[in-house]
Structure formats: structure tokens, C-alpha cells
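One structure below.
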Amino acid sequence: MTTEITQAPTENGVSVQRQNYFKALSLAEQIMSETTKLPTSFDVRVPAFTPNEPELRFYFHHDVPGLRQFRDDQMLTETREDRANSVYLEATRDVDGVRVIAWTLLNADGNAAVSA
């Protein structure tokens, strides 16, 4: 017989997932108070299937200069992915166990903005 746990284990009555939500939210508050360029939106992600891998995802709508300012403010590392009809820019860094991701997606004709 196999037993599968369907709920994240708890530490002192608080689940690991919940603890990581609070950790990510606390980091988001710190980042938002320090950055000179605000994102269009941000998400906090702590999936139940990976409760020890919290993510903060900051989105910059067609805003390469804004993304790059945020990248510099937060000391993130940028990568670029050329897709069929678009260019995906992502800047990342792990901060105290939270993956910080800033990203934007541009049409393929936005390639000049990426190079600038």
C-alpha cells in the first residue's frame, strides 16, 4: 500500500507553501519600495506541487527600458529568447530562496527596441 500526501507538511502549524507566500510577499514589498521603475503588474507564485520554490514575476508591458532599469536596480541577469513572432526578455535572480523574474514580450518588429 502506498500513502501519498496531498497537502504540504506544516511547520509550527503553518504550511511550507503559506510560509513561502509570506516570504515572497515580504520580498515584493521590499523590491517595490526600493525600485525606481515600477512594473505593469506582478504575480506571486507558490504552487502546491513545488511549495519550496516561490517566485515573484514582474511584468513590463512592451517596456524594455523599464525592464532594464528594474534589472539594474535589482541586480538581475538578463536573457533573450527570439521566438517566431516575438522577442522574450527575462531578467532573473534568486533572493533569499525566492526566484525574482522580470520579463517583457515584444513583437518581432520590436527587435530594434531590444538592441537599443
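Letters A, B, ... go to the chains of the C-alpha cells in the order shown; residues in each chain start at 1; ligands are counted from 1 in the same order.
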
All residues 8 Å or closer to A:Leu38, only C-alpha atoms, same chain fewer than 3 positions away omitted, as a short mmCIF file (atom, residue, chain, number, x, y, z; two decimals) with C-alpha atoms, in the first residue's frame:
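Saved to out_13.cif:
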```cif
data_model
loop_
_atom_site.label_atom_id
_atom_site.label_comp_id
_atom_site.auth_asym_id
_atom_site.auth_seq_id
_atom_site.Cartn_x
_atom_site.Cartn_y
_atom_site.Cartn_z
CA MET A 32 8.57 47.72 -4.77
CA THR A 35 12.96 50.20 -7.26
CA GLY A 66 11.76 49.92 -17.79
CA PHE A 70 14.47 47.31 -12.91
#
```

Run DSSP on the backbone and tell me which residues of chain A come out as strand (DSSP E or B); list them as a PyMOL selection string.
chain A and resi 10-11+14-15+41-45+55-59+77-82+86-95+98-107

Surrounding residues of stretch 14-23 of chain A excluding itself and chain neighbours under 5 positions, 8 Å, only C-alpha atoms, as a compact mmCIF listing (two decimals) with C-alpha atoms, in the first residue's frame:
```
# COMPACT_ATOMS: atom_id res chain seq x y z
CA ALA A 8 2.13 20.34 2.15
CA PRO A 9 3.61 19.46 5.55
CA VAL A 44 3.40 35.79 -6.57
CA ARG A 45 3.58 32.08 -7.33
CA VAL A 46 3.99 29.23 -4.87
CA PRO A 47 2.42 26.15 -6.46
CA ALA A 48 1.26 23.36 -4.14
CA PRO A 51 5.93 24.77 -2.22
CA ASN A 52 9.65 25.37 -1.68
CA GLU A 53 10.09 27.27 -4.96
CA PRO A 54 8.38 30.66 -4.55
CA VAL A 98 12.71 33.43 -3.84
```

Which residues are close to A:Leu105, i.e. within 8 Å by only C-alpha atoms, leaving aside same-chain residues fewer than 3 positions away? Reply as a list in words.
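Neighbouring residues, sequence-local ones excluded: His61, His62, Ser86, Val87, Tyr88 and Leu89 of chain A.
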
Between A:Glu55, A:Glu81, A:Asp63, A:Glu90, which residue has the minimum interatomic distance to A:Lys37, considering only C-alpha atoms?
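Checking each candidate against A:Lys37, we get A:Asp63 as the closest.
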
Spatial neighbours of A:Arg68, max dist 10 Å, only C-alpha atoms, sep filter under 2 positions, as an mmCIF file with C-alpha atoms, in the first residue's frame:
```cif
data_model
loop_
_atom_site.group_PDB
_atom_site.id
_atom_site.type_symbol
_atom_site.label_atom_id
_atom_site.label_comp_id
_atom_site.auth_asym_id
_atom_site.auth_seq_id
_atom_site.Cartn_x
_atom_site.Cartn_y
_atom_site.Cartn_z
ATOM 1 C CA LYS A 37 10.874 51.733 -12.126
ATOM 2 C CA PHE A 60 6.811 45.222 -18.032
ATOM 3 C CA ASP A 63 8.818 48.342 -21.847
ATOM 4 C CA VAL A 64 12.436 47.333 -22.489
ATOM 5 C CA PRO A 65 13.927 50.471 -20.872
ATOM 6 C CA GLY A 66 11.762 49.915 -17.790
ATOM 7 C CA PHE A 70 14.468 47.309 -12.909
ATOM 8 C CA ARG A 71 17.114 44.723 -13.841
ATOM 9 C CA ASP A 72 19.872 47.132 -12.852
ATOM 10 C CA ASP A 73 18.093 48.217 -9.640
ATOM 11 C CA GLN A 74 17.678 44.594 -8.541
ATOM 12 C CA MET A 75 20.965 43.224 -9.950
ATOM 13 C CA LEU A 76 19.212 40.697 -12.197
ATOM 14 C CA THR A 77 20.760 38.767 -15.097
ATOM 15 C CA GLU A 78 19.062 39.255 -18.476
ATOM 16 C CA LEU A 89 13.291 39.239 -22.450
ATOM 17 C CA GLU A 90 13.704 37.910 -18.945
ATOM 18 C CA ALA A 91 15.919 39.033 -16.075
ATOM 19 C CA ALA A 102 11.231 40.443 -14.560
ATOM 20 C CA TRP A 103 10.010 39.993 -18.120
ATOM 21 C CA VAL A 114 15.702 45.348 -27.579
#
```

Taking the chain letters and numbering used in this document, name the residues of chain A that DSSP puts in helix (DSSP H, G or I), as a PyMOL selection string.
chain A and resi 16-34+64-74+108-115

What separates atom CA of A:Arg83 and atom CA of A:Asn107 is a distance of 9.3 Å

To one decimal place in Å, what is the distance between atom CA of A:Thr79 and atom CA of A:Val95?
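Between these atoms lies a distance of 17.7 Å.
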
If you measure from atom CA of A:Arg57 to atom CA of A:Ala28, what distance in Å do you get, rounded to one decimal?
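Atom-to-atom, atom CA of A:Arg57 to atom CA of A:Ala28, that is 9.6 Å.
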
Using only C-alpha atoms, the shortest atom-to-atom distance to A:Gln69 among A:Ala108, A:Ala24, A:Ile101, A:Pro39 belongs to A:Pro39

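Residues surrounding A:Phe42 within 7 Å are Leu56, Arg57, Phe58 and Tyr59 of chain A [only C-alpha atoms; sequence separation below 5 positions excluded].
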
Dump of N, CA and C atoms for the selected residues, as a short mmCIF file (atom, residue, chain, number, x, y, z; two decimals), in the first residue's frame:
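The new file selection-v6.cif reads:
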```
data_model
loop_
_atom_site.label_atom_id
_atom_site.label_comp_id
_atom_site.auth_asym_id
_atom_site.auth_seq_id
_atom_site.Cartn_x
_atom_site.Cartn_y
_atom_site.Cartn_z
N LEU A 56 8.50 35.47 -7.70
CA LEU A 56 7.90 36.79 -7.95
C LEU A 56 8.13 37.08 -9.41
N ARG A 57 7.07 37.36 -10.15
CA ARG A 57 7.18 37.65 -11.58
C ARG A 57 6.70 39.08 -11.83
N PHE A 58 7.62 39.94 -12.27
CA PHE A 58 7.33 41.34 -12.55
C PHE A 58 7.23 41.52 -14.05
N TYR A 59 6.08 42.03 -14.52
CA TYR A 59 5.83 42.19 -15.95
C TYR A 59 5.95 43.65 -16.35
#
```
